[in-house]
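Trainee: Got protein-v2.pdb for you, PDB, C-alpha atoms:
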ATOM      1  CA  MET P  18      11.955   0.532 -51.072
ATOM      2  CA  SER P  19       9.296   1.176 -53.734
ATOM      3  CA  VAL P  20       6.902  -1.090 -51.813
ATOM      4  CA  ILE P  21       7.308   1.019 -48.671
ATOM      5  CA  VAL P  22       6.707   4.223 -50.641
ATOM      6  CA  LEU P  23       3.585   2.698 -52.186
ATOM      7  CA  LEU P  24       2.311   1.656 -48.752
ATOM      8  CA  VAL P  25       2.894   5.173 -47.415
ATOM      9  CA  ILE P  26       0.982   6.695 -50.353
ATOM     10  CA  VAL P  27      -1.908   4.264 -49.839
ATOM     11  CA  TYR P  28      -1.964   5.017 -46.110
ATOM     12  CA  VAL P  29      -1.970   8.790 -46.645
ATOM     13  CA  GLY P  30      -4.728   8.466 -49.219
ATOM     14  CA  LEU P  31      -6.845   6.362 -46.880
ATOM     15  CA  TYR P  32      -6.288   8.805 -44.053
ATOM     16  CA  VAL P  33      -7.419  11.756 -46.185
ATOM     17  CA  ILE P  34     -10.562   9.893 -47.191
ATOM     18  CA  LEU P  35     -11.316   8.772 -43.626
ATOM     19  CA  SER P  36     -10.802  12.311 -42.320
ATOM     20  CA  VAL P  37     -13.913  13.487 -44.147
ATOM     21  CA  PRO P  38     -16.771  13.853 -41.577
ATOM     22  CA  ALA P  39     -19.306  12.240 -43.895
ATOM     23  CA  VAL P  40     -17.055   9.201 -44.341
ATOM     24  CA  GLN P  41     -16.436   8.938 -40.585
ATOM     25  CA  ASN P  42     -20.173   9.064 -39.966
ATOM     26  CA  ARG P  43     -20.677   6.284 -42.511
ATOM     27  CA  VAL P  44     -17.973   4.186 -40.819
ATOM     28  CA  LYS P  45     -19.639   4.795 -37.437
ATOM     29  CA  GLN P  46     -23.008   3.608 -38.748
ATOM     30  CA  LYS P  47     -21.428   0.503 -40.254
ATOM     31  CA  VAL P  48     -19.597  -0.321 -37.004
ATOM     32  CA  CYS P  49     -22.800   0.075 -34.964
ATOM     33  CA  LYS P  50     -24.785  -2.101 -37.346
ATOM     34  CA  GLU P  51     -22.268  -4.945 -37.614
ATOM     35  CA  ALA P  52     -21.406  -4.915 -33.890
ATOM     36  CA  SER P  53     -25.085  -4.961 -32.947
ATOM     37  CA  LEU P  54     -25.705  -7.955 -35.202
ATOM     38  CA  PHE P  55     -22.708  -9.808 -33.780
ATOM     39  CA  LEU P  56     -23.455  -9.047 -30.108
ATOM     40  CA  GLY P  57     -27.201  -9.512 -30.315
ATOM     41  CA  GLY P  58     -27.874  -6.186 -28.582
ATOM     42  CA  ARG P  59     -27.851  -2.587 -29.701
ATOM     43  CA  LEU P  60     -24.576  -0.677 -29.862
ATOM     44  CA  GLU P  61     -24.654   3.089 -30.291
ATOM     45  CA  ILE P  62     -21.758   5.496 -30.879
ATOM     46  CA  GLN P  63     -22.261   9.244 -30.769
ATOM     47  CA  SER P  64     -19.096  10.116 -32.681
ATOM     48  CA  LEU P  65     -16.127   8.415 -34.308
ATOM     49  CA  THR P  66     -12.854  10.203 -35.077
ATOM     50  CA  ILE P  67      -9.845   8.884 -36.990
ATOM     51  CA  LEU P  68      -6.511  10.603 -36.256
ATOM     52  CA  PRO P  69      -3.077  10.297 -37.903
ATOM     53  CA  PHE P  70      -0.861   7.298 -37.188
ATOM     54  CA  SER P  71      -3.724   4.812 -36.874
ATOM     55  CA  GLU P  72      -5.557   6.276 -33.908
ATOM     56  CA  VAL P  73      -9.314   5.917 -33.440
ATOM     57  CA  ILE P  74     -11.508   7.672 -30.864
ATOM     58  CA  LEU P  75     -15.104   6.743 -30.031
ATOM     59  CA  ASN P  76     -17.225   9.024 -27.848
ATOM     60  CA  ASN P  77     -20.326   8.153 -25.844
ATOM     61  CA  VAL P  78     -20.595   4.442 -26.597
ATOM     62  CA  SER P  79     -23.609   2.597 -25.150
ATOM     63  CA  LEU P  80     -24.863  -0.985 -25.233
ATOM     64  CA  GLN P  81     -28.446  -2.169 -24.745
ATOM     65  CA  SER P  82     -29.657  -5.719 -24.239
ATOM     66  CA  PRO P  83     -32.030  -7.351 -26.780
ATOM     67  CA  ASN P  84     -34.997  -6.198 -24.654
ATOM     68  CA  GLY P  85     -33.813  -2.575 -24.729
ATOM     69  CA  LYS P  86     -32.337  -2.353 -21.217
ATOM     70  CA  ASN P  87     -29.130  -0.372 -20.692
ATOM     71  CA  CYS P  88     -26.162  -2.612 -19.861
ATOM     72  CA  GLY P  89     -23.368  -0.090 -19.937
ATOM     73  CA  LYS P  90     -21.835   2.968 -21.479
ATOM     74  CA  ILE P  91     -18.392   4.482 -22.006
ATOM     75  CA  GLY P  92     -17.633   8.184 -22.258
ATOM     76  CA  LYS P  93     -14.549   7.678 -24.420
ATOM     77  CA  VAL P  94     -12.729   4.782 -26.060
ATOM     78  CA  ALA P  95      -9.439   5.401 -27.849
ATOM     79  CA  ALA P  96      -6.782   3.134 -29.325
ATOM     80  CA  GLY P  97      -3.671   3.448 -31.436
ATOM     81  CA  ILE P  98      -1.874   0.778 -33.485
ATOM     82  CA  ASP P  99       1.847   0.744 -34.251
ATOM     83  CA  LEU P 100       1.733   1.094 -38.045
ATOM     84  CA  TRP P 101       5.442   0.292 -38.505
ATOM     85  CA  GLU P 102       5.145  -3.029 -36.648
ATOM     86  CA  LEU P 103       2.064  -3.891 -38.688
ATOM     87  CA  ILE P 104       3.591  -3.127 -42.099
ATOM     88  CA  ILE P 105       7.215  -4.212 -41.603
ATOM     89  CA  GLU P 106       7.076  -6.879 -38.879
ATOM     90  CA  ARG P 107       3.552  -8.136 -39.694
ATOM     91  CA  LYS P 108       2.684  -7.983 -35.993
ATOM     92  CA  ILE P 109      -0.264  -6.331 -34.281
ATOM     93  CA  VAL P 110       1.015  -4.007 -31.567
ATOM     94  CA  VAL P 111      -1.430  -1.680 -29.850
ATOM     95  CA  ASN P 112       0.424   1.394 -28.603
ATOM     96  CA  TYR P 113      -2.325   2.329 -26.203
ATOM     97  CA  ALA P 114      -5.940   1.643 -25.313
ATOM     98  CA  GLU P 115      -7.865   4.192 -23.270
ATOM     99  CA  ILE P 116     -11.247   3.771 -21.580
ATOM    100  CA  ILE P 117     -12.746   6.782 -19.805
ATOM    101  CA  ALA P 118     -15.984   6.893 -17.788
ATOM    102  CA  LEU P 119     -16.942   3.229 -18.102
ATOM    103  CA  ASP P 120     -20.284   2.549 -16.390
ATOM    104  CA  VAL P 121     -21.473  -1.083 -16.311
ATOM    105  CA  ASN P 122     -24.747  -2.400 -14.864
ATOM    106  CA  ILE P 123     -25.014  -6.153 -14.241
ATOM    107  CA  VAL P 124     -28.340  -7.551 -13.026
ATOM    108  CA  GLN P 125     -29.457 -11.026 -11.964
ATOM    109  CA  ASN P 126     -33.203 -11.346 -11.417
ATOM    110  CA  THR P 127     -33.403 -14.924 -10.114
ATOM    111  CA  GLU P 128     -31.066 -17.120  -8.091
ATOM    112  CA  GLY P 129     -28.883 -19.073 -10.478
ATOM    113  CA  GLY P 130     -30.541 -17.306 -13.396
ATOM    114  CA  PRO P 131     -28.837 -15.618 -16.335
ATOM    115  CA  LEU P 132     -27.314 -12.151 -16.099
ATOM    116  CA  ASN P 133     -28.603  -9.279 -18.167
ATOM    117  CA  ILE P 134     -25.340  -9.462 -20.157
ATOM    118  CA  GLN P 135     -25.757 -13.160 -21.000
ATOM    119  CA  PHE P 136     -26.257 -12.244 -24.660
ATOM    120  CA  LEU P 137     -22.821 -10.624 -24.612
ATOM    121  CA  ILE P 138     -21.214 -13.673 -22.964
ATOM    122  CA  ASP P 139     -22.819 -15.946 -25.539
ATOM    123  CA  ALA P 140     -21.675 -13.788 -28.447
ATOM    124  CA  LEU P 141     -18.049 -13.792 -27.282
ATOM    125  CA  SER P 142     -17.946 -17.504 -26.376
ATOM    126  CA  PRO P 143     -16.600 -20.067 -28.875
ATOM    127  CA  LYS P 144     -19.416 -21.457 -30.994
ATOM    128  CA  ASP P 145     -17.670 -24.776 -31.704
ATOM    129  CA  LYS P 146     -15.608 -25.930 -28.718
ATOM    130  CA  ASP P 147     -14.128 -28.806 -30.750
ATOM    131  CA  LYS P 148     -12.819 -26.427 -33.381
ATOM    132  CA  PRO P 149      -9.219 -25.228 -32.835
ATOM    133  CA  SER P 150      -8.931 -21.631 -31.677
ATOM    134  CA  ALA P 151      -7.889 -19.019 -34.203
ATOM    135  CA  ILE P 152      -4.174 -18.247 -34.061
ATOM    136  CA  PHE P 153      -3.403 -14.820 -32.647
ATOM    137  CA  ASP P 154      -0.292 -12.993 -31.462
ATOM    138  CA  LEU P 155      -0.416  -9.375 -30.349
ATOM    139  CA  ARG P 156       0.863  -6.926 -27.748
ATOM    140  CA  ILE P 157      -0.749  -4.017 -25.948
ATOM    141  CA  ARG P 158       1.812  -1.588 -24.610
ATOM    142  CA  ASN P 159      -0.466   0.448 -22.396
ATOM    143  CA  ILE P 160      -4.071   0.152 -21.197
ATOM    144  CA  VAL P 161      -5.574   2.988 -19.182
ATOM    145  CA  VAL P 162      -8.970   2.987 -17.439
ATOM    146  CA  ARG P 163     -10.135   6.107 -15.586
ATOM    147  CA  ASP P 164     -13.234   7.464 -13.806
ATOM    148  CA  SER P 165     -15.065   4.172 -14.152
ATOM    149  CA  LYS P 166     -17.619   2.259 -12.108
ATOM    150  CA  ALA P 167     -19.785  -0.849 -12.109
ATOM    151  CA  ASN P 168     -22.842  -2.159 -10.298
ATOM    152  CA  PHE P 169     -23.854  -5.773  -9.681
ATOM    153  CA  SER P 170     -27.427  -6.114  -8.484
ATOM    154  CA  ARG P 171     -28.961  -9.434  -7.405
ATOM    155  CA  ILE P 172     -32.675  -8.660  -7.336
ATOM    156  CA  TRP P 173     -33.562 -12.032  -5.825
ATOM    157  CA  MET P 174     -31.556 -11.472  -2.608
ATOM    158  CA  THR P 175     -34.343 -10.312  -0.283
ATOM    159  CA  ASP P 176     -35.713 -11.349   3.106
ATOM    160  CA  SER P 177     -39.252 -12.576   3.822
ATOM    161  CA  LEU P 178     -40.504  -8.969   3.841
ATOM    162  CA  GLY P 179     -39.004  -8.167   0.447
ATOM    163  CA  LYS P 180     -36.158  -6.075   1.874
ATOM    164  CA  LYS P 181     -32.781  -6.384   0.155
ATOM    165  CA  LEU P 182     -30.185  -8.416   2.011
ATOM    166  CA  PRO P 183     -26.596  -7.214   2.610
ATOM    167  CA  PHE P 184     -24.410  -7.585  -0.478
ATOM    168  CA  ALA P 185     -27.444  -7.804  -2.767
ATOM    169  CA  ASP P 186     -26.021  -4.709  -4.440
ATOM    170  CA  LEU P 187     -22.297  -4.306  -5.016
ATOM    171  CA  ASP P 188     -21.050  -0.952  -6.250
ATOM    172  CA  VAL P 189     -17.546  -0.577  -7.651
ATOM    173  CA  SER P 190     -16.471   3.053  -7.962
ATOM    174  CA  ARG P 191     -13.312   5.074  -8.656
ATOM    175  CA  LEU P 192     -12.004   2.285 -10.851
ATOM    176  CA  ARG P 193      -8.533   3.069 -12.153
ATOM    177  CA  ILE P 194      -6.304   0.671 -14.087
ATOM    178  CA  ASP P 195      -2.829   0.932 -15.609
ATOM    179  CA  LEU P 196      -1.497  -2.207 -17.249
ATOM    180  CA  SER P 197       0.238  -3.635 -20.262
ATOM    181  CA  ILE P 198      -0.044  -6.981 -22.051
ATOM    182  CA  PRO P 199       3.437  -7.759 -23.430
ATOM    183  CA  VAL P 200       2.351 -11.203 -24.653
ATOM    184  CA  LEU P 201      -1.106 -12.256 -25.830
ATOM    185  CA  ARG P 202      -1.160 -15.361 -27.992
ATOM    186  CA  ASN P 203      -2.715 -18.813 -28.067
ATOM    187  CA  ASP P 204      -0.188 -20.495 -25.799
ATOM    188  CA  GLN P 205       0.860 -17.647 -23.503
ATOM    189  CA  TYR P 206      -0.628 -14.581 -21.807
ATOM    190  CA  ARG P 207       1.245 -12.069 -19.673
ATOM    191  CA  PHE P 208      -0.282  -9.144 -17.823
ATOM    192  CA  ASP P 209       1.821  -6.484 -16.136
ATOM    193  CA  ILE P 210      -0.545  -4.733 -13.727
ATOM    194  CA  ARG P 211       1.152  -1.509 -12.709
ATOM    195  CA  ASN P 212      -1.754  -0.130 -10.724
ATOM    196  CA  LEU P 213      -5.328  -1.182  -9.969
ATOM    197  CA  GLN P 214      -7.539   0.902  -7.678
ATOM    198  CA  PHE P 215     -11.212   0.784  -6.761
ATOM    199  CA  GLU P 216     -13.722   1.090  -3.952
ATOM    200  CA  VAL P 217     -16.394  -1.531  -3.303
ATOM    201  CA  SER P 218     -19.526  -0.675  -1.354
ATOM    202  CA  PRO P 219     -20.167  -2.518   0.847
ATOM    203  CA  GLY P 220     -16.603  -3.761   0.957
ATOM    204  CA  VAL P 221     -13.126  -2.336   0.868
ATOM    205  CA  ASN P 222     -11.054   0.516  -0.467
ATOM    206  CA  LEU P 223      -8.245  -0.884  -2.583
ATOM    207  CA  ARG P 224      -5.656   1.856  -2.907
ATOM    208  CA  GLY P 225      -3.359  -0.124  -5.163
ATOM    209  CA  LEU P 226      -2.675  -3.569  -6.603
ATOM    210  CA  SER P 227       0.314  -4.486  -8.731
ATOM    211  CA  ALA P 228       1.559  -7.803 -10.085
ATOM    212  CA  GLU P 229       2.961  -9.675 -13.048
ATOM    213  CA  VAL P 230       0.736 -12.592 -14.031
ATOM    214  CA  GLU P 231       1.612 -15.112 -16.727
ATOM    215  CA  TYR P 232      -0.237 -18.130 -18.099
ATOM    216  CA  GLN P 233       1.599 -20.710 -20.191
ATOM    217  CA  LYS P 234      -0.408 -23.317 -22.085
ATOM    218  CA  ASN P 235       1.087 -26.723 -22.783
ATOM    219  CA  GLU P 236       0.028 -27.486 -26.341
ATOM    220  CA  GLU P 237       1.390 -31.044 -26.181
ATOM    221  CA  LYS P 238      -0.395 -32.168 -23.004
ATOM    222  CA  GLU P 239      -3.842 -30.794 -22.190
ATOM    223  CA  GLY P 240      -4.259 -29.577 -18.614
ATOM    224  CA  ASP P 241      -0.502 -29.422 -17.990
ATOM    225  CA  ASP P 242      -0.413 -25.609 -18.010
ATOM    226  CA  ARG P 243       1.442 -23.189 -15.733
ATOM    227  CA  VAL P 244       0.526 -20.010 -13.892
ATOM    228  CA  LEU P 245       3.237 -17.642 -12.657
ATOM    229  CA  ILE P 246       2.667 -14.694 -10.331
ATOM    230  CA  ARG P 247       5.440 -12.211  -9.541
ATOM    231  CA  ASP P 248       5.680  -9.073  -7.362
ATOM    232  CA  PHE P 249       2.073  -9.233  -6.145
ATOM    233  CA  LYS P 250       1.235  -6.408  -3.742
ATOM    234  CA  MET P 251      -1.999  -4.920  -2.368
ATOM    235  CA  GLU P 252      -2.384  -1.569  -0.622
ATOM    236  CA  PHE P 253      -5.316  -0.477   1.541
ATOM    237  CA  PRO P 254      -5.648   2.809   3.480
ATOM    238  CA  ASN P 255      -3.798   1.382   6.499
ATOM    239  CA  SER P 256      -2.747  -2.077   5.344
ATOM    240  CA  SER P 257      -0.193  -3.540   2.957
ATOM    241  CA  LEU P 258       0.130  -7.174   1.850
ATOM    242  CA  SER P 259       2.662  -8.882  -0.423
ATOM    243  CA  LEU P 260       2.458 -12.362  -1.889
ATOM    244  CA  GLY P 261       5.622 -14.336  -2.540
ATOM    245  CA  ASP P 262       6.332 -15.423  -6.098
ATOM    246  CA  LEU P 263       4.236 -18.381  -7.254
ATOM    247  CA  ASP P 264       4.939 -20.948  -9.962
ATOM    248  CA  VAL P 265       2.053 -23.398 -10.227
ATOM    249  CA  ASP P 266       1.967 -26.405 -12.559
ATOM    250  CA  LEU P 267      -1.768 -26.988 -13.043
ATOM    251  CA  GLY P 268      -1.171 -30.507 -14.312
ATOM    252  CA  HIS P 269       0.844 -31.532 -11.238
ATOM    253  CA  PHE P 270      -0.571 -29.393  -8.464
ATOM    254  CA  ASP P 271       1.912 -30.357  -5.761
ATOM    255  CA  ASN P 272       4.728 -28.794  -3.746
ATOM    256  CA  VAL P 273       3.136 -25.353  -4.026
ATOM    257  CA  ARG P 274       4.336 -22.863  -1.425
ATOM    258  CA  ALA P 275       2.675 -19.492  -0.867
ATOM    259  CA  LYS P 276       3.789 -16.768   1.512
ATOM    260  CA  LEU P 277       1.784 -13.690   2.498
ATOM    261  CA  VAL P 278       3.516 -10.966   4.507
ATOM    262  CA  GLY P 279       2.833  -7.377   5.473
ATOM    263  CA  PHE P 280       0.676  -5.550   7.968
ATOM    264  CA  ILE P 281      -3.073  -5.332   8.288
ATOM    265  CA  THR P 282      -5.406  -2.934  10.098
ATOM    266  CA  PRO P 283      -8.790  -4.589  10.820
ATOM    267  CA  SER P 284     -10.686  -1.270  10.628
ATOM    268  CA  ASP P 285      -9.854  -1.107   6.889
ATOM    269  CA  PHE P 286     -12.520  -3.798   6.449
ATOM    270  CA  SER P 287     -15.159  -2.395   8.803
ATOM    271  CA  SER P 288     -17.592  -1.881   5.917
ATOM    272  CA  LEU P 289     -17.682  -5.669   5.625
ATOM    273  CA  PHE P 290     -17.920  -6.283   9.371
ATOM    274  CA  SER P 291     -18.865  -3.245  11.449
ATOM    275  CA  GLN P 292     -17.333  -4.781  14.585
ATOM    276  CA  LEU P 293     -13.867  -4.236  13.098
ATOM    277  CA  SER P 294     -14.188  -0.431  13.267
ATOM    278  CA  ALA P 295     -12.891  -0.447  16.850
ATOM    279  CA  TYR P 296      -9.633  -2.175  15.851
ATOM    280  CA  ASN P 297      -7.514   0.561  14.289
ATOM    281  CA  THR P 298      -4.098  -0.810  15.290
ATOM    282  CA  TYR P 299      -2.179  -2.636  12.614
ATOM    283  CA  TRP P 300      -0.859  -6.160  13.025
ATOM    284  CA  ILE P 301       2.241  -7.590  11.392
ATOM    285  CA  LEU P 302       1.251 -10.613   9.359
ATOM    286  CA  ASN P 303       3.242 -13.635   8.193
ATOM    287  CA  ILE P 304       1.435 -16.600   6.639
ATOM    288  CA  VAL P 305       3.071 -19.571   4.937
ATOM    289  CA  ALA P 306       1.017 -22.269   3.232
ATOM    290  CA  LEU P 307       2.397 -25.446   1.657
ATOM    291  CA  TYR P 308       0.371 -27.817  -0.499
ATOM    292  CA  GLN P 309       2.065 -31.208  -0.653
ATOM    293  CA  ASN P 310       0.921 -34.816  -0.963
ATOM    294  CA  LYS P 311      -2.748 -33.775  -1.163
ATOM    295  CA  GLY P 312      -2.501 -31.888   2.102
ATOM    296  CA  ILE P 313      -2.067 -28.305   3.242
ATOM    297  CA  GLU P 314       0.188 -27.094   6.025
ATOM    298  CA  VAL P 315      -0.359 -23.552   7.241
ATOM    299  CA  THR P 316       1.747 -21.501   9.619
ATOM    300  CA  TYR P 317       0.676 -17.967  10.415
ATOM    301  CA  ARG P 318       1.696 -15.336  12.913
ATOM    302  CA  PHE P 319       0.159 -12.053  14.033
ATOM    303  CA  LEU P 320       2.198  -9.523  16.001
ATOM    304  CA  ASN P 321       0.549  -6.432  17.490
ATOM    305  CA  SER P 322       2.501  -3.329  16.461
ATOM    306  CA  THR P 323       1.966  -1.474  19.744
ATOM    307  CA  LYS P 324       2.423  -4.295  22.240
ATOM    308  CA  SER P 325       5.510  -6.391  21.746
ATOM    309  CA  ASP P 326       4.193  -9.117  24.054
ATOM    310  CA  SER P 327       0.928  -9.468  22.153
ATOM    311  CA  SER P 328       1.441 -12.031  19.439
ATOM    312  CA  PHE P 329      -0.181 -15.173  18.109
ATOM    313  CA  LYS P 330       1.330 -18.048  16.202
ATOM    314  CA  PHE P 331      -0.696 -20.902  14.755
ATOM    315  CA  PHE P 332       0.083 -24.085  12.907
ATOM    316  CA  GLY P 333      -2.328 -26.462  11.241
ATOM    317  CA  ASN P 334      -2.675 -28.936   8.418
ATOM    318  CA  ILE P 335      -5.404 -30.446   6.269
ATOM    319  CA  GLY P 336      -4.796 -33.792   4.671
ATOM    320  CA  HIS P 337      -6.291 -36.323   2.232
ATOM    321  CA  LEU P 338      -7.416 -33.705  -0.274
ATOM    322  CA  SER P 339      -8.343 -34.930  -3.733
ATOM    323  CA  LYS P 340      -7.551 -33.056  -6.917
TER     324      LYS P 340
END
Take the structure in this file and express it as C-alpha cells.
Mentor:
Amino acid sequence: MSVIVLLVIVYVGLYVILSVPAVQNRVKQKVCKEASLFLGGRLEIQSLTILPFSEVILNNVSLQSPNGKNCGKIGKVAAGIDLWELIIERKIVVNYAEIIALDVNIVQNTEGGPLNIQFLIDALSPKDKDKPSAIFDLRIRNIVVRDSKANFSRIWMTDSLGKKLPFADLDVSRLRIDLSIPVLRNDQYRFDIRNLQFEVSPGVNLRGLSAEVEYQKNEEKEGDDRVLIRDFKMEFPNSSLSLGDLDVDLGHFDNVRAKLVGFITPSDFSSLFSQLSAYNTYWILNIVALYQNKGIEVTYRFLNSTKSDSSFKFFGNIGHLSK
C-alpha cells in the first residue's frame, strides 16, 4: 500500500512540474531535437500540453525532409495512457490516440525512384534484420482520425508533350478513421476497424469500411503464419459489398475459399471510367473463389435489380499456379 501511495505522490509531483509552461516548452524543444535526429528530417511542434491522467496534446506538428521540403503536417495529435494498467499491471494501454487535420504529401520524381519520405521509411526500418525484434505488448483502445487528407504525386508520369497522365496525382480527402488495436505484440496483431471513410480523386467515394483483421505469427516455423479477416464490409454511395470470413495459412496456402456478395452500381466508379456514368442501376453480386491444388475456381453471378430476366452467371478456373 505504501508503494502505491509513493507512486501517487511521485506522479502528482511530476505533473505539477510538467504543468509549468517553461518546462513544457523545454520538453517540446527536446522532443523536436531528438525526433529530428532520429528521423533524419526536421520535426517542429508549435505547442505541447500535458494534462492530468497521462494525457499529452501536440498542436501544429510538421515534418520536413532533409532538403527542407514539406512532407506533412498535423493540426493536433493527442494521446492518453492508462496509468493504472502501467503501474499495477505493468502493461502499456493507450486509452485513446487522436489525429486531427493530417495532411501528407508524397512525391516520386522518377519512375522507380525513391519517395520524398524515404528518409522516414529508412529511419523506421530495422537496422539489423538478423537481430531479433524488440519484445513489445500493448493495446490501443481507440484511434480517431478526422479532417485528414493525403496527396501522392508521380512527377514522372507525363506524355510526350509533358502533360500529366491520368492517375499521376492521387488525392485522398475527407479521411476519417475509427479503430482499436486490442492486441499488438511480436507474435500477434489485431485491428478492429469500426469505420474507414475517404474520397479518392480520381477514384471512388468510400462511405464506410469495417472489418476485424488479425495476424498470427508462428514463432516455431518461419513463414507458417496466419491471417484472419472477419465481418469485412464496404459501403459506397449506391453499392455495398461484404466479404465472407477468411482464415488463411500463409505457410500452406491451399483450400482457401472467398465469397463476395452484395450489390454494385457501376456509376459509383465513373470517376475511374467515365463510360460507367450511364449505368446507374445496381446489380446483385455473388462471387465465390476457391484456391485448391495450385488452381483457382471462380463462380460469379450478376442479377439486374430492375429486370428479373437479365442475369449472367460465369464459371472458370485457372490451374498449375506455383506458390
Trainee: Taking (5.6, -2.5, 12.6) in the file's coordinates, which residues come within 8 Å, counting all atoms listed in the file, written as a list in words?
Mentor: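 Answer for this query, in the requested form: Phe280, Tyr299, Trp300, Ile301 and Ser322 of chain P.
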Trainee: In Å to one decimal, how far is atom CA of P:Ser197 from atom CA of P:Asn159?
Mentor: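 Interatomic distance here is 4.7 Å.
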Trainee: Give one line per residue of stretch 178-252 of chain P that approaches stretch 165-171 of chain P to at most 7 Å, naming the two atoms of the closest pair and their distance in Å to one decimal, counting all atoms listed in the file; sort by chain then ascending residue number and deliver it as CSV.
Mentor:
residue,atom,partner,partner_atom,distance
P:Ala185,CA,P:Arg171,CA,5.1
P:Asp186,CA,P:Ser170,CA,4.5
P:Leu187,CA,P:Phe169,CA,5.1
P:Asp188,CA,P:Asn168,CA,4.6
P:Val189,CA,P:Ala167,CA,5.0
P:Ser190,CA,P:Lys166,CA,4.4
P:Arg191,CA,P:Ser165,CA,5.8
P:Leu192,CA,P:Ser165,CA,4.9
P:Arg193,CA,P:Ser165,CA,6.9
Trainee: Since I can't run it myself right now, could you work out what the PyMOL selection byres ((chain P and resi 70-84) around 7) selects here and report it as a PyMOL selection string?
Mentor: chain P and resi 57-69+85-98+100
Trainee: Between atom CA of P:Asn303 and atom CA of P:Ser227, what is the distance, to one decimal in Å?
Mentor: 19.5 Å
Trainee: Using all atoms listed in the file, which residue out of P:Thr127, P:Arg207, P:Asn255, P:Arg224 lies closest to P:Thr175?
Mentor: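 For P:Thr175, the nearest of the candidates is P:Thr127.
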Trainee: Counting only C-alpha atoms, which of P:Val111, P:Ala39, P:Leu223, P:Ile116 gets nearest to P:Phe253?
Mentor: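 Distance minimum relative to P:Phe253 lands on P:Leu223.
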Trainee: Given the file above and the PyMOL selection byres ((chain P and resi 256) around 12), which residues are selected, and can you give them as a PyMOL selection string?
Mentor: chain P and resi 221-225+250-255+257-259+278-286+297-302
Trainee: Can you tell me how far atom CA of P:Leu155 sits from atom CA of P:Gln46, in Å to one decimal?
Mentor: 27.4 Å
Trainee: Here is a test: counting all atoms listed in the file, which residue of P:Leu226, P:Ile117, P:Ile172, P:Val110 is nearest to P:Gly129?
Mentor: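 Using all atoms listed in the file, P:Gly129 sits closest to P:Ile172.
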Trainee: Point out the residue among P:Gly220, P:Gly179, P:Gly268, P:Pro143 with the least atom-to-atom distance to P:Asp242, counting only C-alpha atoms.
Mentor: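 The answer is P:Gly268, which sits nearest to P:Asp242.
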Trainee: Taking all atoms listed in the file into account, which of P:Gln292, P:Ser287, P:Gly130, P:Asn272 comes nearest P:Ala306?
Mentor: P:Asn272
Trainee: Taking only C-alpha atoms into account, name the residue in P:Ile313, P:Leu132, P:Leu307, P:Val217 that is nearest to P:Leu289.
Mentor: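 The answer is P:Val217, which sits nearest to P:Leu289.
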Trainee: Once you count only C-alpha atoms, which residues end up no further than 7 Å from (6.8, -17.0, -1.6) in the file's frame, shown as a list in words?
Mentor: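 So the residues meeting the distance criterion are Leu260, Gly261, Asp262, Leu263, Arg274, Ala275 and Lys276 of chain P.
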Trainee: Regenerate stretch 241-254 of chain P at the level of N, CA and C atoms and dump it as a short mmCIF file (atom, residue, chain, number, x, y, z; two decimals), in the coordinates of the input.
Mentor:
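selection-v6.cif, written as the output of this step:
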data_model
loop_
_atom_site.label_atom_id
_atom_site.label_comp_id
_atom_site.auth_asym_id
_atom_site.auth_seq_id
_atom_site.Cartn_x
_atom_site.Cartn_y
_atom_site.Cartn_z
N ASP P 241 -1.83 -29.53 -18.61
CA ASP P 241 -0.50 -29.42 -17.99
C ASP P 241 0.03 -28.00 -18.16
N ASP P 242 -0.77 -27.01 -17.81
CA ASP P 242 -0.41 -25.61 -18.01
C ASP P 242 0.23 -25.04 -16.75
N ARG P 243 0.76 -23.83 -16.87
CA ARG P 243 1.44 -23.19 -15.73
C ARG P 243 0.91 -21.78 -15.53
N VAL P 244 0.88 -21.37 -14.27
CA VAL P 244 0.53 -20.01 -13.89
C VAL P 244 1.66 -19.46 -13.03
N LEU P 245 2.16 -18.29 -13.41
CA LEU P 245 3.24 -17.64 -12.66
C LEU P 245 2.76 -16.28 -12.17
N ILE P 246 3.02 -15.98 -10.92
CA ILE P 246 2.67 -14.69 -10.33
C ILE P 246 3.93 -14.11 -9.70
N ARG P 247 4.24 -12.88 -10.05
CA ARG P 247 5.44 -12.21 -9.54
C ARG P 247 5.08 -10.83 -8.98
N ASP P 248 5.77 -10.44 -7.93
CA ASP P 248 5.68 -9.07 -7.36
C ASP P 248 4.24 -8.65 -7.08
N PHE P 249 3.46 -9.54 -6.47
CA PHE P 249 2.07 -9.23 -6.14
C PHE P 249 2.02 -8.42 -4.86
N LYS P 250 1.33 -7.27 -4.92
CA LYS P 250 1.24 -6.41 -3.74
C LYS P 250 -0.11 -5.69 -3.73
N MET P 251 -0.73 -5.63 -2.55
CA MET P 251 -2.00 -4.92 -2.37
C MET P 251 -1.84 -3.85 -1.29
N GLU P 252 -2.43 -2.68 -1.56
CA GLU P 252 -2.38 -1.57 -0.62
C GLU P 252 -3.80 -1.13 -0.27
N PHE P 253 -4.06 -1.02 1.03
CA PHE P 253 -5.32 -0.48 1.54
C PHE P 253 -4.99 0.80 2.31
N PRO P 254 -5.97 1.55 2.79
CA PRO P 254 -5.65 2.81 3.48
C PRO P 254 -4.62 2.65 4.59
#
